[in-house]
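*Asks:* Quick one: structure below, then a few questions.
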Amino acid sequence: MSLVAEKYETPTIGFGANLSEFYKLAKDHFQISIKNDNVPINNIKESIRFFSLGLPPELKEIFIPFSDAPLFWTYESSLLAQIEEFMKSNFSRSDNSGINKQIYENYTRWATAKLKNEKEYFAITTVNFIERDLNKHNFLKLILKGIIFTYHNTLYNPVKANELLTNAVVIINSLRLNDQLKAELKYIISLYRGFIHLKENSYEQAQAIFKESLELKPYGSTAKIYFALTEINLAHEDLASYFLNEIFNYDLHRLAIALKTNNAGMFSYFYRNAFFYNVFSEKDFCKCYDSIEQLLNVHKNYDNEIINICIQSLAMIKANNLSEYIDEEMNKSLLFTEKIIQNYSKSTNILIYATYPEFYKKLAEIVACISAKIRTRYYNEVNQKLSTFNTAISENISAEKHLLDELEAFKVKNKIDLKDSLQKINEDYDYEAHVIEKLLNGLPQSDRYNPRASMSSYMIYNIIIAFLVFFFGGVAGYSNKMVGDASEFNSMLTFILITAIKWGAISFFLGLIISLIFSVIIIVERFEVKSKLQKRLVNLKYGKDKLINEVNKNYSNKEKILSENISSSISHHRKKVEELKEQLNSAEKAFTAEAEEQIKKIASQLPTLPN
């Protein structure tokens, strides 16, 4: 612990004896020795390796010890890299870039220096460079200056340090940093502010600050350790025990994640750098000795048989040649589990004891995967054998579906063809009926079948003929008479007229009779033509109806015949499917029984790991 920390320590009666037992607790349960000659460079190297692991934020926290807190900013962390990148991109100026470099280099030398005069020199030099930097947005310089005012004896100023760290938070809130980086910075600054109050033995203020830290980062284990420390100093041992239990479970959680991801390097780091180890670096935790011992004893009552089962199970898997059932991923898990158990099965560290169930769970998962692989392989063979039945069933079902589709398509086409045929019949009928109706409607207007027109024509001819008969009859009558004197001329003329009129009248009367006869004949003929046309129209309608019935019957019979044929084929396929299904069920039972027998035989070579 630094000189400043020692300056504010308060001796306790009997403290040494309790502290000795406290350190023994660490050695007995974790095989760790609390040394005062901690080498900072070792922490730096360890942190470089840690930050190279691709971990989620909740697993990537590195412990910031109260006594060596300045060293955190000397780590080559991703956090510092992000800060540097942000400063270069947003407000870096050419005249300040050199100052920033000098600030960080001198701060690092101050934090890692061992000689008092060297620390003094680099502390003052760092502060001077910080004060020369005119960039008001450089929050990092305020953090580093606040740390120096907290941890360097000659410059120790807790009020100023708290003010600098608070101002750094104000600046961070005003900048466009990504949310994750901003939250992490505020969490770390909050820890340093809590450390200031710890140095001042202001435990209530420290408690409030560490509570704020956990609000910023609920899984922050560094904050939990020092929150527990403040609770101890406030005589709240029950709350301290609660946080200590959470820290221990957090270490177990990280080890479980390493086991789950087959990461030996991660497991080794989490084992060597468990957060709970740091509890023994703070002497005040010895006040909570009974609670810590009780917590550790709960996990120390482990079942040693668990690890023996794991070792025997691994040996059994290796002894039996099961490589054909172990894929690359399972082999990787097996090799990892074997390596971890070999390296840590002899350890008496309570974290390893508490992780035994995770070893067992890991091995049980591997055995379950191998068992599943065996079962999958044999059942794939069963499925392969049954595939011929399934293929035949699928073919028959497909054939049935094809026939149903074919029948449906035929019905649709048949319906369309029927509609087209009926439409053609109706169109032909309508055309012929229209022609006949046109002839019927035109009979009265036709001169050939019009008795009046015929009578008029015949009467004209009759008049002309009657006139001619009148003329030639009169002339013929005159030619048979000889006129002797002029007195006989009048009587002769009378005779001629009478003769002409007689023959003309006879001719006209005969012509009239003949005209009447022909008119009657025309009337009768027209009636016969009309009757024939009407009868033809009736016959045409009858023929249409008959043809429609024949077409409907023909298409119906055609559809019926095809439906019967297809239905017969469908019934055949369905019957075949039922037969194949029965054969499939029988074959499946036989093949499954055979496969289960083989699976049982090979599974007997696997270790039995009950849940």
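How things are named: the first chain in the structure tokens is A, the next is B, and so on; residues count from 1 in each chain; ligands count from 1 in the order shown.
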Counting only C-alpha atoms, which residues in region 490-593 of chain A sit no more than 9 Å from region 370-383 of chain A? For each one, give the nearest pair of atoms and the distance in Å, sorted by chain then residue number, as a Markdown table.
*Replies:*
| residue | atom | partner | partner_atom | distance |
| --- | --- | --- | --- | --- |
| A:Glu588 | CA | A:Val382 | CA | 7.4 |
| A:Phe591 | CA | A:Val382 | CA | 5.9 |
| A:Thr592 | CA | A:Val382 | CA | 6.7 |
*Asks:* Which residues come within 8 Å of Asn167 (chain A), counting only C-alpha atoms, excluding same-chain residues fewer than 3 positions away, as a list of chain:residue names?
*Replies:* A:Phe139, A:Leu142, A:Glu163, A:Leu164, A:Val170, A:Ile171
*Asks:* If you keep N, CA and C atoms, can you produce a file of those selected residues as a JSON list (two decimals), in the first residue's frame?
*Replies:*
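Final output, saved to out34.json:
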[["chain", "number", "residue", "atom", "x", "y", "z"],
["A", 139, "PHE", "N", -10.27, 15.57, -21.50],
["A", 139, "PHE", "CA", -10.70, 15.02, -20.21],
["A", 139, "PHE", "C", -9.64, 14.09, -19.61],
["A", 142, "LEU", "N", -7.29, 15.70, -17.16],
["A", 142, "LEU", "CA", -7.90, 15.97, -15.86],
["A", 142, "LEU", "C", -7.92, 14.70, -15.00],
["A", 163, "GLU", "N", -12.48, 17.48, -7.58],
["A", 163, "GLU", "CA", -12.96, 18.51, -8.51],
["A", 163, "GLU", "C", -12.52, 18.20, -9.94],
["A", 164, "LEU", "N", -11.26, 17.79, -10.11],
["A", 164, "LEU", "CA", -10.74, 17.47, -11.44],
["A", 164, "LEU", "C", -11.50, 16.29, -12.06],
["A", 170, "VAL", "N", -18.05, 15.94, -16.54],
["A", 170, "VAL", "CA", -18.84, 16.97, -17.22],
["A", 170, "VAL", "C", -18.42, 17.08, -18.68],
["A", 171, "ILE", "N", -17.09, 17.08, -18.93],
["A", 171, "ILE", "CA", -16.58, 17.17, -20.30],
["A", 171, "ILE", "C", -16.99, 15.93, -21.10]]
*Asks:* Taking the DSSP assignment computed from this structure's backbone, write out as a ChimeraX atom specification all residues of region 57-128 of chain A that belong to helix (DSSP H, G or I).
*Replies:* /A:57-59,69-74,78-90,94-112,116-128
*Asks:* Please report, as a Markdown table, each residue of region 96-164 of chain A lying at most 7 Å from region 181-203 of chain A, together with the nearest pair of atoms and the separation in Å rounded to one decimal; use only C-alpha atoms, and order rows by chain and ascending residue number.
*Replies:*
| residue | atom | partner | partner_atom | distance |
| --- | --- | --- | --- | --- |
| A:Thr150 | CA | A:Ile196 | CA | 6.4 |
| A:Pro158 | CA | A:Ile196 | CA | 6.1 |
| A:Asn162 | CA | A:Arg193 | CA | 6.0 |
*Asks:* Excluding same-chain residues fewer than 3 positions from Glu293 (chain A), what lies within 12 Å of it counting only C-alpha atoms, as a PyMOL selection string?
*Replies:* chain A and resi 21-26+28-29+241+244-245+285-290+296-300+350
